[in-house]
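Structure data (mmCIF, C-alpha atoms) from data_26.cif:
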data_structure
loop_
_atom_site.label_atom_id
_atom_site.label_comp_id
_atom_site.auth_asym_id
_atom_site.auth_seq_id
_atom_site.Cartn_x
_atom_site.Cartn_y
_atom_site.Cartn_z
CA MET A 20 8.93 50.14 36.52
CA VAL A 21 8.24 49.33 32.87
CA GLY A 22 11.27 47.02 32.81
CA GLY A 23 9.96 45.12 35.86
CA ARG A 24 6.53 44.54 34.24
CA LEU A 25 8.21 43.36 31.05
CA LYS A 26 10.35 40.93 33.03
CA TYR A 27 7.26 39.64 34.87
CA GLY A 28 5.43 39.16 31.52
CA GLN A 29 8.46 37.32 30.09
CA GLN A 30 8.51 35.00 33.11
CA GLU A 31 4.80 34.18 32.55
CA ILE A 32 5.41 33.42 28.88
CA VAL A 33 8.42 31.22 29.71
CA GLY A 34 6.31 29.33 32.29
CA PHE A 35 3.50 28.77 29.80
CA VAL A 36 5.90 27.65 27.06
CA LEU A 37 7.49 25.22 29.55
CA ILE A 38 4.09 23.67 30.33
CA VAL A 39 3.28 23.34 26.62
CA VAL A 40 6.69 21.78 25.90
CA LEU A 41 6.24 19.30 28.77
CA VAL A 42 2.77 18.28 27.53
CA VAL A 43 4.01 17.92 23.94
CA VAL A 44 6.96 15.75 25.06
CA GLY A 45 4.55 13.59 27.10
CA LEU A 46 2.28 13.25 24.08
CA MET A 47 5.16 12.25 21.83
CA ILE A 48 6.31 9.54 24.29
CA PHE A 49 2.72 8.25 24.56
CA LEU A 50 2.35 8.20 20.78
CA VAL A 51 5.65 6.38 20.22
CA ILE A 52 4.76 3.72 22.84
CA SER A 53 1.20 3.22 21.54
CA LEU A 54 2.32 2.96 17.92
CA LYS A 55 5.24 0.63 18.70
CA ASP A 56 3.40 -1.88 20.88
CA SER A 57 0.95 -3.28 18.33
CA PRO A 58 0.06 -6.52 20.13
CA VAL A 59 0.54 -9.79 18.23
CA ASN A 60 -2.35 -12.23 18.48
CA GLU A 61 -0.24 -15.36 19.02
CA ASP A 62 -3.04 -17.91 18.76
CA SER A 63 -5.24 -16.65 15.95
CA VAL A 64 -8.11 -18.88 14.77
CA VAL A 65 -7.84 -17.37 11.27
CA VAL A 66 -4.14 -18.22 10.93
CA SER A 67 -4.66 -21.62 12.54
CA ASN A 68 -7.20 -22.45 9.80
CA VAL A 69 -4.69 -21.29 7.17
CA ILE A 70 -2.11 -23.75 8.56
CA ASP A 71 -4.68 -26.60 8.67
CA ALA A 72 -5.70 -26.01 5.05
CA ILE A 73 -2.07 -25.88 3.88
CA MET A 74 -1.05 -29.01 5.77
CA ARG A 75 -3.71 -31.11 4.01
CA HIS A 76 -3.03 -29.80 0.51
CA THR A 77 -1.84 -32.65 -1.69
CA THR A 78 1.35 -31.86 -3.56
CA GLU A 79 2.77 -33.43 -6.74
CA CYS A 80 5.76 -34.86 -4.91
CA ALA A 81 5.88 -38.64 -4.50
CA ILE A 82 8.83 -39.75 -2.38
CA VAL A 83 8.44 -43.52 -2.81
CA TYR A 84 6.02 -44.24 -5.68
CA GLU A 85 3.21 -42.62 -7.64
CA PRO A 86 0.44 -41.96 -6.64
CA ASP A 87 1.61 -41.85 -3.01
CA TYR A 88 1.84 -38.06 -3.09
CA ASP A 89 2.89 -36.12 -0.02
CA ASN A 90 0.63 -33.53 1.46
CA PHE A 91 2.43 -30.48 2.86
CA GLU A 92 2.62 -32.00 6.35
CA ASP A 93 4.45 -35.04 4.93
CA LEU A 94 6.53 -32.81 2.68
CA PHE A 95 7.81 -30.83 5.69
CA LYS A 96 8.94 -34.14 7.21
CA SER A 97 10.47 -35.31 3.91
CA CYS A 98 12.38 -32.04 3.63
CA TYR A 99 13.69 -32.40 7.19
CA LEU A 100 14.82 -35.96 6.43
CA GLY A 101 16.54 -34.84 3.22
CA ASP A 102 14.36 -36.97 0.91
CA ARG A 103 13.89 -36.44 -2.82
CA CYS A 104 10.70 -36.32 -4.90
CA LYS A 105 11.22 -39.44 -6.98
CA ASN A 106 8.74 -38.49 -9.71
CA LEU A 107 9.97 -34.90 -10.08
CA GLY A 108 13.70 -35.54 -9.74
CA MET A 109 14.26 -32.74 -7.24
CA SER A 110 14.88 -32.49 -3.53
CA ALA A 111 11.84 -32.32 -1.25
CA CYS A 112 13.12 -29.04 0.23
CA ASP A 113 13.43 -27.35 -3.18
CA TYR A 114 9.96 -28.50 -4.17
CA LEU A 115 8.58 -27.46 -0.76
CA ASN A 116 10.01 -23.97 -1.14
CA GLU A 117 8.70 -23.60 -4.68
CA SER A 118 5.20 -25.04 -4.20
CA LEU A 119 4.57 -23.54 -0.77
CA SER A 120 5.46 -20.05 -2.00
CA ASP A 121 2.98 -20.53 -4.82
CA VAL A 122 0.16 -21.80 -2.58
CA LEU A 123 0.72 -19.11 0.07
CA SER A 124 0.80 -16.37 -2.54
CA ALA A 125 -2.50 -17.63 -4.05
CA MET A 126 -4.11 -17.82 -0.60
CA MET A 127 -3.06 -14.34 0.42
CA ALA A 128 -4.02 -12.88 -2.95
CA SER A 129 -7.57 -14.14 -2.31
CA ASP A 130 -7.79 -12.03 0.85
CA ALA A 131 -7.58 -8.30 0.19
CA SER A 132 -7.10 -7.50 3.89
CA VAL A 133 -3.69 -9.22 4.05
CA GLY A 134 -0.69 -6.95 3.52
CA PHE A 135 2.13 -9.21 4.67
CA TYR A 136 2.69 -12.89 5.42
CA GLU A 137 5.60 -14.88 6.76
CA LEU A 138 6.02 -18.63 7.13
CA ASP A 139 8.81 -20.11 9.22
CA PHE A 140 9.74 -23.77 9.27
CA PHE A 141 12.11 -24.58 12.11
CA VAL A 142 13.25 -27.38 14.37
CA GLY A 143 13.34 -27.24 18.16
CA GLU A 144 15.09 -24.16 19.45
CA GLY A 145 14.69 -21.95 16.40
CA ASP A 146 16.89 -23.83 13.93
CA GLY A 147 15.39 -22.24 10.80
CA LEU A 148 15.04 -24.50 7.73
CA LEU A 149 12.81 -22.35 5.54
CA ARG A 150 11.35 -18.85 5.53
CA ILE A 151 8.85 -17.53 3.01
CA SER A 152 7.64 -13.95 3.32
CA ASN A 153 6.09 -11.29 1.16
CA GLY A 154 4.53 -7.82 1.47
CA ASN A 155 4.74 -4.97 3.97
CA CYS A 156 3.27 -4.93 7.44
CA SER A 157 1.34 -1.87 8.56
CA GLY A 158 -1.58 -3.24 10.57
CA SER A 159 -2.27 -5.69 13.38
CA VAL A 160 -0.35 -8.97 13.41
CA SER A 161 -1.92 -12.42 13.88
CA ALA A 162 0.06 -15.62 14.20
CA ALA A 163 -0.31 -19.33 14.88
CA GLN A 164 2.05 -22.27 15.16
CA ARG A 165 1.74 -26.00 14.52
CA LYS A 166 4.02 -28.77 15.75
CA ILE A 167 4.51 -31.92 13.70
CA ILE A 168 6.47 -34.92 14.86
CA SER A 169 9.14 -36.54 12.72
CA GLY A 170 10.67 -39.50 14.55
CA SER A 171 11.84 -38.09 17.87
CA ASP A 172 12.07 -34.50 16.63
CA GLY A 173 9.51 -31.76 16.77
CA LEU A 174 9.14 -29.62 13.66
CA PHE A 175 7.42 -26.27 13.92
CA ILE A 176 5.51 -24.34 11.28
CA ARG A 177 4.66 -20.80 12.21
CA ILE A 178 2.69 -18.35 10.10
CA LYS A 179 2.42 -14.63 10.77
CA ILE A 180 -0.13 -12.53 8.89
CA CYS A 181 -0.37 -8.76 8.99
CA GLY A 182 -3.43 -6.79 7.95
CA ILE A 183 -3.37 -3.62 5.87
CA MET B 19 -9.27 49.08 41.05
CA VAL B 20 -9.49 48.86 37.24
CA LYS B 21 -5.93 47.48 37.14
CA GLY B 22 -6.88 44.77 39.63
CA GLN B 23 -9.96 43.82 37.60
CA MET B 24 -7.83 43.62 34.47
CA LYS B 25 -5.41 41.27 36.29
CA ILE B 26 -8.33 39.05 37.41
CA GLN B 27 -9.71 39.00 33.86
CA GLN B 28 -6.29 38.12 32.44
CA MET B 29 -5.95 35.28 34.94
CA ALA B 30 -9.49 34.01 34.23
CA VAL B 31 -8.84 33.97 30.48
CA MET B 32 -5.53 32.20 31.08
CA ILE B 33 -7.17 29.57 33.34
CA VAL B 34 -9.95 28.97 30.77
CA ALA B 35 -7.35 28.64 27.96
CA VAL B 36 -5.24 26.19 29.96
CA PHE B 37 -8.41 24.25 30.91
CA PHE B 38 -9.46 23.91 27.26
CA PHE B 39 -5.92 22.97 26.28
CA PHE B 40 -5.88 20.10 28.76
CA ILE B 41 -9.41 19.05 27.72
CA LEU B 42 -8.18 18.80 24.11
CA VAL B 43 -5.11 16.83 25.18
CA GLY B 44 -7.35 14.49 27.23
CA LEU B 45 -9.69 13.96 24.27
CA PHE B 46 -6.70 13.14 22.08
CA PHE B 47 -5.47 10.54 24.60
CA LEU B 48 -8.95 9.03 24.95
CA GLY B 49 -9.33 8.90 21.16
CA ILE B 50 -6.13 6.86 20.79
CA VAL B 51 -6.93 4.56 23.73
CA PHE B 52 -10.52 3.83 22.60
CA LYS B 53 -9.42 3.31 19.00
CA ASP B 54 -7.37 0.32 20.22
CA VAL B 55 -10.29 -0.99 22.31
CA LYS B 56 -12.68 -0.68 19.34
CA GLY B 57 -10.20 -2.41 17.00
CA GLY B 58 -9.67 -5.21 19.54
CA ALA B 59 -13.42 -5.74 19.93
CA GLY B 60 -13.86 -5.92 16.15
CA GLN B 61 -11.01 -8.42 15.87
CA LEU B 62 -12.49 -10.54 18.68
CA GLN B 63 -15.92 -10.54 17.02
CA LYS B 64 -14.36 -11.63 13.73
CA GLU B 65 -12.42 -14.44 15.43
CA GLN B 66 -15.62 -15.66 17.14
CA ALA B 67 -17.54 -15.63 13.85
CA ILE B 68 -14.76 -17.57 12.13
CA SER B 69 -14.69 -20.09 15.00
CA SER B 70 -18.38 -20.69 14.43
CA LEU B 71 -17.67 -21.45 10.76
CA ARG B 72 -16.12 -24.66 12.08
CA VAL B 73 -19.66 -25.81 12.98
CA ILE B 74 -20.74 -25.45 9.32
CA ALA B 75 -17.56 -27.07 7.97
CA ASP B 76 -17.84 -30.00 10.38
CA MET B 77 -21.49 -30.80 9.54
CA SER B 78 -21.73 -34.32 8.17
CA GLU B 79 -23.42 -32.87 5.05
CA LEU B 80 -20.10 -31.25 4.04
CA ASN B 81 -17.31 -32.79 6.11
CA TYR B 82 -14.81 -35.09 4.37
CA ASP B 83 -13.64 -37.16 7.29
CA SER B 84 -15.01 -36.85 10.79
CA SER B 85 -11.47 -37.02 12.19
CA TRP B 86 -10.38 -34.12 9.96
CA SER B 87 -11.75 -30.80 11.06
CA MET B 88 -12.22 -28.00 8.49
CA SER B 89 -12.08 -30.33 5.50
CA LEU B 90 -14.91 -30.50 2.96
CA ASP B 91 -15.82 -33.45 0.76
CA GLU B 92 -15.87 -32.36 -2.90
CA ASP B 93 -18.36 -35.11 -3.82
CA LYS B 94 -20.75 -33.81 -1.15
CA LEU B 95 -20.21 -30.26 -2.41
CA ARG B 96 -21.19 -31.38 -5.93
CA ILE B 97 -24.41 -32.91 -4.61
CA MET B 98 -25.29 -30.05 -2.25
CA SER B 99 -24.71 -27.40 -4.92
CA GLY B 100 -26.97 -29.25 -7.35
CA ASN B 101 -30.75 -29.63 -7.28
CA PHE B 102 -30.57 -31.88 -4.25
CA GLY B 103 -29.42 -28.93 -2.16
CA GLY B 104 -32.89 -27.37 -2.43
CA ALA B 105 -34.21 -29.95 0.05
CA TYR B 106 -31.92 -28.40 2.65
CA ASP B 107 -33.26 -24.84 2.40
CA LEU B 108 -34.69 -24.86 5.92
CA PHE B 109 -31.69 -26.69 7.33
CA TRP B 110 -29.00 -24.02 7.12
CA PRO B 111 -28.80 -21.67 10.11
CA VAL B 112 -27.18 -18.99 7.91
CA ALA B 113 -28.10 -16.79 4.93
CA SER B 114 -25.66 -18.27 2.43
CA VAL B 115 -22.96 -20.92 2.09
CA GLU B 116 -20.40 -20.82 -0.72
CA VAL B 117 -17.12 -22.61 -1.34
CA PHE B 118 -14.29 -21.39 -3.58
CA LYS B 119 -11.15 -23.18 -4.64
CA VAL B 120 -8.21 -20.91 -3.89
CA TYR B 121 -5.36 -22.90 -5.42
CA PRO B 122 -4.68 -23.25 -8.32
CA ARG B 123 -5.52 -19.57 -8.61
CA PHE B 124 -8.17 -18.38 -11.02
CA ASP B 125 -9.12 -15.16 -12.76
CA GLU B 126 -12.79 -15.87 -13.32
CA VAL B 127 -15.34 -17.62 -11.13
CA GLU B 128 -16.47 -20.83 -12.85
CA GLU B 129 -19.48 -22.44 -11.22
CA CYS B 130 -19.39 -26.18 -10.58
CA PRO B 131 -20.08 -28.71 -11.97
CA GLY B 132 -17.87 -28.09 -14.99
CA VAL B 133 -14.34 -28.54 -16.27
CA GLY B 134 -11.87 -26.43 -14.31
CA CYS B 135 -14.65 -25.08 -12.07
CA ASN B 136 -13.78 -23.28 -8.85
CA TYR B 137 -17.05 -22.29 -7.16
CA TYR B 138 -19.80 -24.21 -5.36
CA GLY B 139 -22.93 -22.27 -4.43
CA ILE B 140 -24.38 -24.46 -1.68
CA TYR B 141 -27.16 -22.25 -0.36
CA ASP B 142 -28.48 -18.72 -0.69
CA ASN B 143 -31.74 -17.54 0.84
CA GLY B 144 -31.67 -14.39 -1.28
CA GLN B 145 -31.51 -12.07 1.71
CA GLY B 146 -29.76 -8.80 0.92
CA GLY B 147 -27.18 -7.02 3.07
CA VAL B 148 -25.79 -10.14 4.72
CA LYS B 149 -22.42 -9.96 6.44
CA THR B 150 -20.02 -12.57 5.11
CA TYR B 151 -17.25 -14.36 7.01
CA SER B 152 -14.74 -16.66 5.39
CA THR B 153 -12.09 -19.13 6.40
CA TYR B 154 -9.67 -21.44 4.63
CA VAL B 155 -10.57 -25.12 4.39
CA ALA B 156 -9.27 -28.21 2.62
CA ILE B 157 -11.46 -29.54 -0.22
CA CYS B 158 -10.78 -33.25 -0.54
CA GLU B 159 -11.86 -36.18 -2.67
CA LYS B 160 -10.80 -39.77 -3.15
CA VAL B 161 -8.89 -40.23 -6.39
CA ARG B 162 -8.00 -43.53 -8.02
CA GLU B 163 -4.76 -43.64 -9.97
CA SER B 164 -2.69 -46.61 -11.13
CA GLY B 165 -4.82 -48.97 -9.06
CA SER B 166 -4.34 -47.08 -5.79
CA THR B 167 -6.69 -44.70 -4.03
CA TYR B 168 -5.47 -41.59 -2.28
CA ASP B 169 -6.87 -38.40 -0.72
CA ASP B 170 -6.50 -35.46 -3.09
CA CYS B 171 -6.93 -32.19 -1.18
CA GLU B 172 -6.86 -28.62 -2.39
CA VAL B 173 -6.96 -25.32 -0.53
CA GLY B 174 -10.37 -23.67 -0.59
CA LYS B 175 -12.35 -21.00 1.12
CA LEU B 176 -15.67 -21.40 2.92
CA VAL B 177 -17.73 -18.20 2.76
CA VAL B 178 -20.78 -17.95 5.00
CA GLY B 179 -23.31 -15.11 4.98
CA VAL B 180 -24.75 -14.33 8.39
CA LYS B 181 -28.41 -13.41 8.73
CA GLN B 182 -28.92 -9.82 9.80
CA PRO B 183 -31.29 -9.29 12.75
CA LEU B 184 -34.68 -7.86 11.75
CA ALA B 185 -35.30 -4.20 12.60
CA ALA B 186 -37.29 -3.48 15.78
CA GLY B 187 -41.01 -3.71 15.11
CA GLY B 188 -40.43 -5.81 12.02
CA ARG B 189 -42.03 -9.14 11.32
CA GLY B 190 -40.65 -12.23 12.86
#
Let me see the structure of the file written as structure tokens.
Amino acid sequence: MVGGRLKYGQQEIVGFVLIVVLVVVGLMIFLVISLKDSPVNEDSVVVSNVIDAIMRHTTECAIVYEPDYDNFEDLFKSCYLGDRCKNLGMSACDYLNESLSDVLSAMMASDASVGFYELDFFVGEGDGLLRISNGNCSGSVSAAQRKIISGSDGLFIRIKICGI
Amino acid sequence: MVKGQMKIQQMAVMIVAVFFFFILVGLFFLGIVFKDVKGGAGQLQKEQAISSLRVIADMSELNYDSSWSMSLDEDKLRIMSGNFGGAYDLFWPVASVEVFKVYPRFDEVEECPGVGCNYYGIYDNGQGGVKTYSTYVAICEKVRESGSTYDDCEVGKLVVGVKQPLAAGGRG
């Protein structure tokens, strides 16, 4: 008699534990999905303005003569074409890498809400020419992309910014 | 009879406990879901505010070239941040307009005009508790060097303070 009641009580406890385990597993799956799928804003106005400002920035690189200095938009094209900065005696790509890292770092340092940034310069189907990135991403991601034309080729500049 | 009542009580307590457990789980789910919605709404509001900064940047009083959006004329900034800017006090639809140079980077804010300056205070109505929105812009000027003229642009930041609505029953 006592053994039967004990068995019945054990069954109830096992049933309850099963329900709790099921709910906890469901919760874990929900949490993993909701934390993993942080949506990327692919056409952010903020990032688009960052690209516009960078593209117009006048650099110190003159490909043909001084003072015909390239802005970053021209410098991306010069880099793609393999030109050299005549006045600086270095390749356009090396100067692009150096100066763009500097400008991006200054821009992102002026905005305390930015934890990570990444700039990709690529041609057509993802042929990467340059990547500059810094920081750690832990918040929402915003991105924007700009296409510039060099001859018959399309060059793409894509910036991804992640908040803290 | 007493044994039956005890069983009913046990079951009632169990049902109430399970009910509260699921209520707590539901609240947890709702908390996570609405946190995303709230964050998304905040992000959307910020994007809209920054889009409207384009209107300020593209005003002919500040704009460098009408075909270049989000680019400010440094000569106009010099004039608007000087005494002449006072004539525009009723013109600005916002509480404050400021422009910073972002690159080359600086440690201290140096108000323009001046050597190596990096800050233009265009307008400030003195209102406290304004909410500021900022966006990156190009600050450009025509420079003459070796007999040629070219556009010299630097990266800057346009910071606009938005007027806060007056409290209900207030003046206005």
Quiz item: When the PyMOL selection byres ((chain A) within 6 of (chain B)) is applied to the file above, which residues end up in the set, as a PyMOL selection string?
Solution: chain A and resi 68-69+72+76-77+125
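Using the PyMOL selection byres ((chain B and resi 94-98) around 8) on the file at hand returns these residues: B:Glu79, B:Leu80, B:Leu90, B:Asp91, B:Glu92, B:Asp93, B:Ser99, B:Gly100, B:Asn101, B:Phe102, B:Gly103, B:Cys130, B:Pro131, B:Tyr138, B:Ile140.
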Quiz prompt | Selection near segment 104-110 of chain A, 12 Å with only C-alpha atoms, sequence-local residues under 2 positions removed, as a PyMOL selection string | solution = chain A and resi 78-89+93-95+97-102+112-117
Practice problem: Given the file shown, enumerate the residues that the PyMOL selection byres ((chain A and resi 154) around 7) captures and present them as a PyMOL selection string. | Solution: chain A and resi 134-136+153+155-156
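Reported to one decimal place, the separation of atom CA of Lys179 of chain A from atom CA of Arg150 of chain A is 11.2 Å.
Of note, atom CA of Tyr106 of chain B and atom CA of Lys149 of chain B are spaced 21.1 Å apart.
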Quiz item: Hey, what's within 12 Å of Gly49 of chain B if we count all atoms listed in the file and toss same-chain stuff fewer than 6 positions away? As a ChimeraX atom specification, please?
Solution: /A:50,53 /B:42-43,55-56
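Take atom CA of Ser169 of chain A and atom CA of Gly143 of chain A: the distance between them is 11.6 Å.
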Can you take the partial segment 95-113 of chain B, add N, CA and C atoms, and return it as a CSV table (one decimal), in the coordinates of the input?
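Result went into rebuild24.csv, see below:
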chain,number,residue,atom,x,y,z
B,95,LEU,N,-20.0,-31.6,-1.9
B,95,LEU,CA,-20.2,-30.3,-2.4
B,95,LEU,C,-20.9,-30.3,-3.8
B,96,ARG,N,-20.6,-31.2,-4.6
B,96,ARG,CA,-21.2,-31.4,-5.9
B,96,ARG,C,-22.7,-31.7,-5.8
B,97,ILE,N,-23.0,-32.5,-4.8
B,97,ILE,CA,-24.4,-32.9,-4.6
B,97,ILE,C,-25.2,-31.7,-4.0
B,98,MET,N,-24.6,-31.1,-3.0
B,98,MET,CA,-25.3,-30.0,-2.2
B,98,MET,C,-25.5,-28.8,-3.1
B,99,SER,N,-24.6,-28.6,-4.1
B,99,SER,CA,-24.7,-27.4,-4.9
B,99,SER,C,-25.6,-27.7,-6.1
B,100,GLY,N,-26.0,-28.9,-6.3
B,100,GLY,CA,-27.0,-29.2,-7.4
B,100,GLY,C,-28.4,-29.1,-6.9
B,101,ASN,N,-29.3,-29.7,-7.6
B,101,ASN,CA,-30.8,-29.6,-7.3
B,101,ASN,C,-31.1,-30.2,-5.9
B,102,PHE,N,-30.3,-31.2,-5.5
B,102,PHE,CA,-30.6,-31.9,-4.2
B,102,PHE,C,-30.5,-30.9,-3.1
B,103,GLY,N,-29.6,-29.9,-3.2
B,103,GLY,CA,-29.4,-28.9,-2.2
B,103,GLY,C,-30.7,-28.2,-1.8
B,104,GLY,N,-31.6,-28.1,-2.7
B,104,GLY,CA,-32.9,-27.4,-2.4
B,104,GLY,C,-33.7,-28.0,-1.3
B,105,ALA,N,-33.5,-29.3,-1.0
B,105,ALA,CA,-34.2,-30.0,0.0
B,105,ALA,C,-33.7,-29.5,1.4
B,106,TYR,N,-32.6,-28.8,1.4
B,106,TYR,CA,-31.9,-28.4,2.6
B,106,TYR,C,-32.2,-26.9,3.0
B,107,ASP,N,-33.1,-26.3,2.2
B,107,ASP,CA,-33.3,-24.8,2.4
B,107,ASP,C,-33.6,-24.4,3.8
B,108,LEU,N,-34.3,-25.2,4.6
B,108,LEU,CA,-34.7,-24.9,5.9
B,108,LEU,C,-33.6,-25.3,6.9
B,109,PHE,N,-32.7,-26.1,6.4
B,109,PHE,CA,-31.7,-26.7,7.3
B,109,PHE,C,-30.6,-25.7,7.8
B,110,TRP,N,-30.2,-24.9,6.8
B,110,TRP,CA,-29.0,-24.0,7.1
B,110,TRP,C,-29.3,-22.9,8.1
B,111,PRO,N,-28.5,-22.7,9.1
B,111,PRO,CA,-28.8,-21.7,10.1
B,111,PRO,C,-28.2,-20.3,9.7
B,112,VAL,N,-27.8,-20.2,8.4
B,112,VAL,CA,-27.2,-19.0,7.9
B,112,VAL,C,-27.9,-18.5,6.6
B,113,ALA,N,-27.5,-17.4,6.1
B,113,ALA,CA,-28.1,-16.8,4.9
B,113,ALA,C,-27.5,-17.4,3.6
